[in-house]
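Data from work-v2.cif: mmCIF, C-alpha atoms
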data_structure
loop_
_atom_site.label_atom_id
_atom_site.label_comp_id
_atom_site.auth_asym_id
_atom_site.auth_seq_id
_atom_site.Cartn_x
_atom_site.Cartn_y
_atom_site.Cartn_z
CA MET A 54 65.63 121.98 111.56
CA THR A 55 63.88 124.57 109.39
CA ILE A 56 65.21 126.00 106.13
CA LEU A 57 65.82 129.39 107.75
CA GLU A 58 67.79 127.82 110.62
CA LEU A 59 69.88 125.82 108.15
CA MET A 60 70.52 128.99 106.09
CA GLN A 61 71.65 130.80 109.20
CA ARG A 62 73.97 127.94 110.12
CA ARG A 63 75.39 127.97 106.58
CA ASN A 64 76.03 131.73 106.85
CA GLN A 65 77.86 131.18 110.16
CA ALA A 66 79.95 128.39 108.61
CA LEU A 67 80.78 130.58 105.61
CA THR A 68 81.90 133.42 107.88
CA ALA A 69 84.03 131.02 109.94
CA ALA A 70 85.65 129.62 106.77
CA ARG A 71 86.38 133.10 105.45
CA ASN A 72 87.92 134.18 108.76
CA PHE A 73 89.96 130.95 108.92
CA ALA A 74 91.40 131.53 105.44
CA GLU A 75 92.24 135.16 106.13
CA SER A 76 93.92 134.44 109.47
CA HIS A 77 95.97 131.41 108.33
CA ARG A 78 97.55 132.69 105.14
CA THR A 79 101.33 132.61 105.07
CA ASP A 80 103.55 135.54 104.15
CA LYS A 81 103.12 134.47 100.52
CA GLY A 82 99.36 134.77 100.84
CA ILE A 83 98.63 131.05 100.60
CA LEU A 84 97.51 128.33 103.01
CA SER A 85 99.71 125.52 104.22
CA ASP A 86 98.81 121.95 103.25
CA GLU A 87 97.30 121.28 106.69
CA ASP A 88 95.32 124.54 106.73
CA SER A 89 94.21 123.93 103.14
CA ALA A 90 92.85 120.52 104.13
CA THR A 91 91.00 122.07 107.05
CA TYR A 92 89.53 124.78 104.81
CA ASP A 93 88.47 122.18 102.21
CA GLN A 94 86.58 120.30 104.92
CA MET A 95 84.85 123.52 106.02
CA GLU A 96 83.97 124.28 102.41
CA LYS A 97 82.58 120.75 101.97
CA GLU A 98 80.28 121.24 104.96
CA ILE A 99 79.01 124.49 103.44
CA MET A 100 78.30 122.78 100.12
CA ASP A 101 76.54 119.91 101.93
CA MET A 102 74.30 122.40 103.74
CA SER A 103 73.57 124.18 100.42
CA ARG A 104 72.49 120.89 98.85
CA GLU A 105 70.31 120.12 101.86
CA ILE A 106 68.68 123.56 101.64
CA SER A 107 67.91 123.00 97.95
CA ARG A 108 66.50 119.56 98.76
CA MET A 109 64.27 120.96 101.55
CA GLN A 110 63.04 123.74 99.25
CA ARG A 111 62.12 121.22 96.56
CA GLN A 112 60.40 119.04 99.14
CA GLU A 113 58.44 122.01 100.46
CA ALA A 114 57.35 122.94 96.94
CA MET A 115 56.18 119.38 96.29
CA GLU A 116 54.31 119.26 99.60
CA GLN A 117 52.53 122.50 98.72
CA GLU A 118 51.52 121.09 95.35
CA LEU A 119 50.34 117.78 96.82
CA SER A 120 48.40 119.58 99.54
CA GLN A 121 46.08 121.16 96.98
CA PRO A 122 42.57 119.62 97.19
CA VAL A 123 41.53 117.31 94.34
CA ASN A 124 37.94 116.74 95.48
CA SER A 125 35.27 118.82 97.11
CA PRO A 126 36.34 120.15 100.49
CA ILE A 127 35.26 118.41 103.69
CA THR A 128 32.73 120.58 105.49
CA GLY A 129 32.30 118.45 108.61
CA ARG A 130 34.24 119.29 111.75
CA PRO A 131 37.13 116.87 112.24
CA TYR A 132 37.72 115.01 115.48
CA GLN A 133 39.37 117.16 118.12
CA ALA A 134 41.12 115.85 121.20
CA SER A 135 39.97 117.15 124.54
CA ALA A 136 43.32 118.78 125.30
CA GLU A 137 43.70 121.59 122.77
CA PRO A 138 46.97 123.52 122.46
CA GLU A 139 46.90 127.15 123.45
CA LYS A 140 45.75 129.21 120.46
CA LYS A 141 47.73 132.29 119.56
CA THR A 142 45.79 135.49 119.17
CA GLY A 143 46.28 138.90 117.59
CA ARG A 144 49.42 139.46 115.53
CA ALA A 145 50.92 136.19 116.80
CA SER A 146 48.08 134.08 115.33
CA ASP A 147 48.51 131.79 112.33
CA GLU A 148 45.54 133.53 110.66
CA TYR A 149 47.30 136.88 110.82
CA ARG A 150 50.53 135.45 109.40
CA LYS A 151 48.70 133.75 106.52
CA GLY A 152 46.71 136.92 105.88
CA MET A 153 49.89 138.98 105.68
CA LEU A 154 51.47 136.61 103.12
CA GLN A 155 48.27 136.55 101.07
CA ALA A 156 48.15 140.34 101.02
CA LEU A 157 51.82 140.63 100.01
CA ARG A 158 51.58 138.07 97.22
CA THR A 159 48.39 139.57 95.75
CA ASN A 160 49.65 143.16 95.84
CA PHE A 161 47.17 143.78 98.67
CA ARG A 162 44.17 143.06 96.42
CA GLN A 163 43.09 140.24 98.73
CA ILE A 164 43.00 141.38 102.34
CA SER A 165 41.39 139.20 104.98
CA ASN A 166 39.54 140.72 107.90
CA VAL A 167 42.11 139.49 110.39
CA LEU A 168 44.58 142.04 109.00
CA GLN A 169 42.48 144.85 110.44
CA GLU A 170 44.32 144.27 113.70
CA GLY A 171 47.52 145.46 112.05
CA ILE A 172 46.35 148.42 109.96
CA ASP A 173 47.72 151.79 111.04
CA GLU A 174 46.40 155.19 110.08
CA ASN A 175 48.90 155.57 107.23
CA GLY A 176 47.96 152.31 105.53
CA GLY A 177 50.99 150.35 106.75
CA TYR A 178 50.83 146.86 108.20
CA LEU A 179 52.51 145.94 111.47
CA VAL A 180 54.84 142.97 111.33
CA PRO A 181 53.31 139.77 112.72
CA GLU A 182 54.93 138.94 116.05
CA GLU A 183 56.62 135.84 114.67
CA TYR A 184 58.27 137.95 111.96
CA ASP A 185 59.41 140.56 114.44
CA HIS A 186 61.16 137.95 116.56
CA ARG A 187 62.91 136.48 113.54
CA LEU A 188 64.07 139.92 112.47
CA ILE A 189 65.50 140.42 115.95
CA ASP A 190 67.45 137.20 115.46
CA VAL A 191 68.95 138.55 112.25
CA LEU A 192 69.93 141.82 113.91
CA ASN A 193 71.57 140.03 116.82
CA GLU A 194 73.54 137.77 114.50
CA GLU A 195 74.74 140.50 112.16
CA ASN A 196 75.20 143.32 114.69
CA ILE A 197 77.91 142.72 117.33
CA MET A 198 76.70 145.65 119.46
CA ARG A 199 73.22 144.14 119.84
CA ARG A 200 74.86 140.95 121.09
CA LEU A 201 77.15 142.79 123.52
CA GLY A 202 74.96 145.67 124.67
CA THR A 203 71.83 145.80 126.80
CA THR A 204 68.62 146.10 124.76
CA ILE A 205 65.57 147.84 126.26
CA THR A 206 62.12 148.11 124.67
CA THR A 207 60.67 151.56 125.33
CA SER A 208 57.29 153.19 124.75
CA GLY A 209 58.56 156.76 125.22
CA GLN A 210 61.66 158.68 126.22
CA HIS A 211 63.50 156.33 128.57
CA LYS A 212 65.36 157.77 131.57
CA ILE A 213 68.27 155.85 133.08
CA ASN A 214 69.36 156.89 136.57
CA ILE A 215 73.11 157.00 137.20
CA ALA A 216 74.80 157.31 140.60
CA ALA A 217 77.17 160.24 140.04
CA THR A 218 78.97 159.93 143.42
CA LYS A 219 79.46 156.99 145.75
CA PRO A 220 79.89 157.02 149.55
CA ALA A 221 83.43 156.76 150.88
CA ALA A 222 84.56 155.43 154.27
CA ALA A 223 86.77 157.59 156.54
CA TRP A 224 88.68 156.97 159.77
CA ILE A 225 87.69 159.04 162.81
CA GLU A 226 88.96 159.37 166.36
CA GLU A 227 87.00 157.82 169.18
CA GLY A 228 84.15 160.18 169.98
CA GLY A 229 84.93 162.23 166.88
CA ALA A 230 82.31 163.84 164.71
CA LEU A 231 80.86 161.94 161.78
CA THR A 232 81.37 163.28 158.27
CA PHE A 233 78.55 163.04 155.76
CA GLY A 234 78.83 163.05 151.99
CA ASP A 235 76.10 163.98 149.54
CA ALA A 236 74.75 161.29 147.21
CA THR A 237 74.26 162.79 143.75
CA PHE A 238 72.58 161.26 140.76
CA ASP A 239 72.41 161.88 137.04
CA GLN A 240 70.09 160.81 134.26
CA ILE A 241 70.72 159.63 130.73
CA MET A 242 67.91 159.82 128.18
CA LEU A 243 67.28 157.19 125.52
CA ASP A 244 65.27 158.81 122.73
CA ALA A 245 64.27 157.31 119.37
CA TYR A 246 65.79 157.94 115.93
CA LYS A 247 64.11 156.62 112.80
CA LEU A 248 65.93 154.10 110.62
CA HIS A 249 64.46 152.61 107.45
CA VAL A 250 65.35 150.29 104.60
CA ALA A 251 63.47 149.91 101.31
CA ILE A 252 63.62 147.25 98.59
CA LYS A 253 61.87 146.51 95.30
CA VAL A 254 60.80 143.07 94.08
CA THR A 255 59.35 142.13 90.72
CA GLU A 256 55.77 140.99 90.47
CA GLU A 257 56.95 137.66 89.05
CA LEU A 258 58.96 136.91 92.19
CA LEU A 259 56.20 138.23 94.39
CA TYR A 260 53.54 135.94 92.97
CA ASP A 261 55.75 132.85 92.57
CA ASN A 262 54.78 130.36 95.25
CA ALA A 263 58.18 128.68 95.10
CA PHE A 264 59.87 131.94 96.12
CA HIS A 265 60.20 132.22 99.90
CA LEU A 266 59.07 135.81 100.13
CA GLU A 267 59.09 136.09 103.92
CA ASN A 268 62.62 134.68 104.25
CA TYR A 269 63.96 137.00 101.57
CA ILE A 270 62.43 140.15 103.02
CA ILE A 271 63.41 139.38 106.60
CA ASP A 272 66.98 138.44 105.69
CA GLN A 273 67.61 141.47 103.48
CA PHE A 274 65.91 143.95 105.80
CA GLY A 275 67.65 142.48 108.83
CA LYS A 276 71.13 142.74 107.31
CA ALA A 277 70.60 146.31 106.09
CA LEU A 278 69.24 147.50 109.44
CA ALA A 279 72.00 145.67 111.32
CA ASN A 280 74.76 147.32 109.30
CA ALA A 281 73.32 150.80 109.76
CA GLU A 282 72.78 150.18 113.48
CA GLU A 283 76.30 148.85 114.09
CA ASP A 284 77.84 151.86 112.34
CA ALA A 285 75.79 154.24 114.51
CA PHE A 286 76.41 152.30 117.74
CA LEU A 287 80.16 152.63 117.12
CA ASN A 288 80.54 156.01 115.38
CA GLY A 289 77.25 157.91 115.77
CA ASP A 290 77.49 161.51 117.00
CA GLY A 291 74.04 161.59 118.62
CA THR A 292 72.62 163.96 116.00
CA GLY A 293 69.78 162.19 114.21
CA LYS A 294 71.27 158.85 115.19
CA PRO A 295 72.51 157.01 118.33
CA LEU A 296 75.66 158.08 120.21
CA GLY A 297 78.50 155.67 119.45
CA ILE A 298 81.31 154.14 121.46
CA PHE A 299 83.99 156.05 119.49
CA ALA A 300 82.15 159.41 119.60
CA PRO A 301 84.55 162.23 120.68
CA LYS A 302 81.89 163.61 123.05
CA GLY A 303 79.69 161.29 125.06
CA GLY A 304 81.46 158.11 123.99
CA ALA A 305 83.96 155.95 125.84
CA GLN A 306 87.02 157.31 127.66
CA ALA A 307 89.98 157.83 125.33
CA SER A 308 92.51 157.59 128.13
CA VAL A 309 95.39 155.66 126.52
CA VAL A 310 97.62 156.95 123.71
CA THR A 311 100.20 154.86 121.89
CA ALA A 312 103.81 155.70 122.71
CA LYS A 313 104.74 155.87 119.03
CA ALA A 314 103.06 156.33 115.69
CA SER A 315 102.64 152.53 115.51
CA ILE A 316 101.06 150.16 117.99
CA GLU A 317 103.27 148.20 120.42
CA SER A 318 102.63 145.43 122.92
CA ASP A 319 102.94 147.85 125.86
CA ASP A 320 100.09 149.90 124.43
CA ILE A 321 97.71 146.93 124.63
CA ILE A 322 98.82 146.19 128.21
CA ASN A 323 98.27 149.82 129.19
CA LEU A 324 94.82 149.74 127.60
CA VAL A 325 93.79 146.61 129.50
CA TYR A 326 94.84 147.97 132.88
CA ALA A 327 93.42 151.43 132.22
CA LEU A 328 90.04 149.72 132.60
CA LYS A 329 88.93 149.34 136.21
CA ARG A 330 89.09 145.81 137.58
CA PRO A 331 85.30 145.19 137.92
CA TYR A 332 84.82 145.89 134.20
CA ARG A 333 87.69 143.63 133.10
CA LYS A 334 85.82 140.50 134.13
CA ASN A 335 83.51 140.69 131.08
CA ALA A 336 85.69 142.91 128.89
CA LYS A 337 86.25 142.42 125.16
CA PHE A 338 88.13 144.16 122.36
CA ILE A 339 86.40 145.79 119.38
CA LEU A 340 88.58 146.86 116.45
CA ASN A 341 88.73 147.07 112.67
CA ASP A 342 89.87 144.09 110.59
CA GLN A 343 92.79 146.15 109.27
CA THR A 344 94.16 146.53 112.80
CA ILE A 345 94.37 142.75 113.22
CA ALA A 346 97.47 142.54 111.00
CA SER A 347 99.43 144.82 113.34
CA LEU A 348 98.24 143.05 116.49
CA ARG A 349 99.17 139.57 115.22
CA LYS A 350 102.83 140.67 115.04
CA LEU A 351 103.05 141.87 118.64
CA LYS A 352 105.18 139.84 121.09
CA ASP A 353 105.68 139.98 124.84
CA LEU A 354 109.03 140.20 126.66
CA ASN A 355 109.51 136.44 126.26
CA GLY A 356 109.12 136.61 122.50
CA GLN A 357 105.68 134.96 122.58
CA TYR A 358 102.95 136.29 120.35
CA MET A 359 100.27 138.15 122.32
CA TRP A 360 97.65 137.08 119.80
CA GLN A 361 95.99 133.78 120.69
CA PRO A 362 94.18 132.30 117.68
CA ALA A 363 91.14 130.15 118.33
CA LEU A 364 91.81 126.41 118.42
CA ILE A 365 88.28 125.53 117.30
CA SER A 366 86.54 126.86 114.19
CA GLY A 367 83.93 129.44 115.11
CA GLU A 368 85.51 130.31 118.46
CA PRO A 369 86.75 133.90 118.92
CA ASP A 370 90.43 134.81 118.80
CA ARG A 371 91.87 136.31 121.98
CA LEU A 372 94.35 139.00 122.91
CA LEU A 373 95.89 138.82 126.40
CA GLY A 374 93.15 136.32 127.17
CA TYR A 375 90.27 138.62 126.17
CA GLU A 376 87.88 137.97 123.28
CA VAL A 377 88.50 139.98 120.11
CA LEU A 378 85.57 141.15 117.98
CA THR A 379 86.01 142.88 114.65
CA SER A 380 83.71 145.29 112.86
CA PRO A 381 84.15 146.91 109.46
CA PHE A 382 82.72 150.09 111.04
CA ALA A 383 85.37 150.36 113.77
CA PRO A 384 87.86 153.18 112.98
CA VAL A 385 91.20 152.39 111.37
CA ALA A 386 94.42 153.53 112.99
CA GLU A 387 94.84 157.27 112.34
CA ALA A 388 96.90 159.86 114.20
CA GLY A 389 94.98 161.52 117.00
CA LYS A 390 91.91 159.26 116.80
CA PRO A 391 90.77 156.25 118.88
CA PHE A 392 90.84 152.97 116.99
CA ILE A 393 90.58 150.16 119.59
CA ALA A 394 87.86 149.85 122.24
CA PHE A 395 88.24 147.60 125.30
CA GLY A 396 85.65 147.22 128.00
CA ASP A 397 82.37 145.76 129.21
CA PHE A 398 79.93 146.65 126.46
CA LYS A 399 76.81 145.63 128.36
CA TYR A 400 76.85 149.22 129.65
CA TYR A 401 75.98 150.33 126.13
CA ASN A 402 72.18 150.55 126.27
CA ILE A 403 70.08 150.14 123.12
CA GLY A 404 66.51 151.45 123.26
CA ASP A 405 64.02 150.00 120.77
CA ARG A 406 60.93 152.20 120.52
CA GLY A 407 57.85 150.13 119.76
CA THR A 408 57.57 147.52 117.03
CA ARG A 409 59.23 147.44 113.63
CA SER A 410 56.82 147.90 110.75
CA PHE A 411 56.46 147.00 107.08
CA GLN A 412 54.75 149.21 104.52
CA GLU A 413 53.86 148.43 100.91
CA LEU A 414 54.45 150.93 98.08
CA LYS A 415 52.09 149.52 95.48
CA GLU A 416 51.76 152.56 93.20
CA LEU A 417 55.28 154.03 93.16
CA PHE A 418 56.83 151.32 90.93
CA ALA A 419 53.65 150.05 89.24
CA GLY A 420 54.85 151.22 85.82
CA ASN A 421 57.99 149.09 86.13
CA GLY A 422 56.13 145.95 87.16
CA MET A 423 57.62 146.03 90.63
CA VAL A 424 56.39 146.40 94.21
CA GLY A 425 58.30 148.25 96.91
CA TYR A 426 58.44 147.50 100.61
CA VAL A 427 59.78 149.61 103.45
CA ALA A 428 60.83 148.52 106.93
CA LYS A 429 61.07 151.14 109.66
CA GLU A 430 62.28 151.17 113.23
CA ARG A 431 63.03 153.74 115.91
CA VAL A 432 66.09 153.13 118.05
CA ASP A 433 68.63 154.94 120.20
CA GLY A 434 71.84 153.90 121.92
CA LYS A 435 74.23 155.38 124.49
CA LEU A 436 77.11 154.26 126.67
CA ILE A 437 75.65 154.96 130.12
CA LEU A 438 78.99 154.54 131.95
CA PRO A 439 81.91 155.96 129.91
CA GLU A 440 84.44 154.47 132.34
CA ALA A 441 83.23 150.96 131.42
CA VAL A 442 84.98 151.18 128.04
CA GLN A 443 88.49 152.51 127.37
CA LEU A 444 89.80 153.63 123.97
CA LEU A 445 93.32 153.41 122.55
CA THR A 446 94.28 156.46 120.50
CA MET A 447 97.08 156.59 117.94
CA LYS A 448 99.80 159.07 118.89
CA GLY A 449 98.88 162.58 117.83
CA THR A 450 96.32 165.09 119.07
CA ALA A 451 94.40 162.84 121.45
CA SER A 452 90.62 162.86 121.48
CA SER A 453 88.96 163.19 124.87
CA GLY A 454 85.97 161.07 125.81
CA SER A 455 83.47 162.26 128.38
#
Hey, can you dump this file as structure tokens for me?
Amino acid sequence: MTILELMQRRNQALTAARNFAESHRTDKGILSDEDSATYDQMEKEIMDMSREISRMQRQEAMEQELSQPVNSPITGRPYQASAEPEKKTGRASDEYRKGMLQALRTNFRQISNVLQEGIDENGGYLVPEEYDHRLIDVLNEENIMRRLGTTITTSGQHKINIAATKPAAAWIEEGGALTFGDATFDQIMLDAYKLHVAIKVTEELLYDNAFHLENYIIDQFGKALANAEEDAFLNGDGTGKPLGIFAPKGGAQASVVTAKASIESDDIINLVYALKRPYRKNAKFILNDQTIASLRKLKDLNGQYMWQPALISGEPDRLLGYEVLTSPFAPVAEAGKPFIAFGDFKYYNIGDRGTRSFQELKELFAGNGMVGYVAKERVDGKLILPEAVQLLTMKGTASSGS
């Protein structure tokens, strides 16, 4: 297991521990003895992983130091087996990856020829393919909509064909005339909106071999892009950014309104069955963390809580048997506005235009002894079938989805 994989597992364990503590507190805001013991065990596992990460980092630093040559280099060609592994080329090659790191750590004063494959007309450097895949992993982990939706890589404006009407069967008398319906179609366009994130690092950190520059940049850029994307995929209005699930126009169908100014168990049941049966098979809830407190108090007619907490750490909680996902960007309960989404979110299409890119700003912060880096991407997102997701609106002036 690599250091990055172990860091990702530690982040997942930390999130699970945090969620466990928040969901198991008593009315007094504390954990029971049993829950406290469970949390202590989860915390111990996190600390064990942290110690292992530190150990692996020290080992890697020692291996780098020991790998430095002490004698004159060997110029003869070493023995090579007849069966050679397939060599990566272009931006996926090891030479390109090493050249990128060398350029970053030397403030682009040492640039190897292999980097010419990644130079664009503005002086930016395309991300090596290995980096791009790892950044995708960060986005998928941090962004619930990238995990639920359908991601498409586009090279231009992407057109999605939608069947607007479907054929219907009709009874006729023997020898009667056939009736014909017209099949109509619609198109949804996935465009590309620019999203960027910029950071500054000191020259000391940049040139320190013990500092894992690539891990730091990828992790920080990935989290920042994921947060901005998730907010747009849920709340974007389609102007300069993607069109979100909760958008009043073009988003999901806001077809269910609570009976009162507070949420009740019947409202959740109405929301579930407002969604057509084919979509319910893979349906999930998306809501804000603040809404969880109200939902955990709901009971059915038999006095049983509708909320079904996960029995295993890391597993999702469920409501009426359906998985519950929370997002800090989902709306909070407010009169006249949707605040819970329920549906099959694979019908939310995410269009990635081209490849993400890094660019170095070596002059802008030179006076402060720092180097800036910018990551850019172009992305769009739309719910291609509004009926695939239903919204619950708090009683008031209801919003209307289209």
Legend entry - Separation of CA of Arg108 in chain A from CA of Asp272 in chain A, in Å and rounded to one decimal: 20.1 Å
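Checking A:Gly407, A:Pro384, A:Gly434, A:Pro439 one by one against Gly297 in chain A, counting all atoms listed in the file, you find the shortest gap at A:Gly434.
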Legend entry - Selected residue of minimal separation from Val424 in chain A among A:Gly303, A:Val254, A:Leu328, A:Phe286, counting all atoms listed in the file: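 Closest to Val424 in chain A of all the choices is A:Val254.
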With the file shown as input, list the residues that the PyMOL selection byres ((chain A and resi 245) around 7) selects, as a PDB file with C-alpha atoms, in the frame of the given file.
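Once everything was written out, this is selection_12.pdb:
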ATOM      1  CA  LEU A 243      67.280 157.190 125.520  1.00  0.00           C
ATOM      2  CA  ASP A 244      65.270 158.810 122.730  1.00  0.00           C
ATOM      3  CA  TYR A 246      65.790 157.940 115.930  1.00  0.00           C
ATOM      4  CA  LYS A 247      64.110 156.620 112.800  1.00  0.00           C
ATOM      5  CA  ARG A 406      60.930 152.200 120.520  1.00  0.00           C
ATOM      6  CA  ARG A 431      63.030 153.740 115.910  1.00  0.00           C
ATOM      7  CA  VAL A 432      66.090 153.130 118.050  1.00  0.00           C
ATOM      8  CA  ASP A 433      68.630 154.940 120.200  1.00  0.00           C
TER       9      ASP A 433
END
When the PyMOL selection byres ((chain A and resi 402) around 7) is applied to the file above, which residues end up in the set, as a JSON list (two decimals) with C-alpha atoms, in the coordinates of the input?
[["chain", "number", "residue", "atom", "x", "y", "z"],
["A", 202, "GLY", "CA", 74.96, 145.67, 124.67],
["A", 203, "THR", "CA", 71.83, 145.80, 126.80],
["A", 204, "THR", "CA", 68.62, 146.10, 124.76],
["A", 400, "TYR", "CA", 76.85, 149.22, 129.65],
["A", 401, "TYR", "CA", 75.98, 150.33, 126.13],
["A", 403, "ILE", "CA", 70.08, 150.14, 123.12],
["A", 404, "GLY", "CA", 66.51, 151.45, 123.26],
["A", 434, "GLY", "CA", 71.84, 153.90, 121.92],
["A", 435, "LYS", "CA", 74.23, 155.38, 124.49],
["A", 436, "LEU", "CA", 77.11, 154.26, 126.67],
["A", 437, "ILE", "CA", 75.65, 154.96, 130.12]]
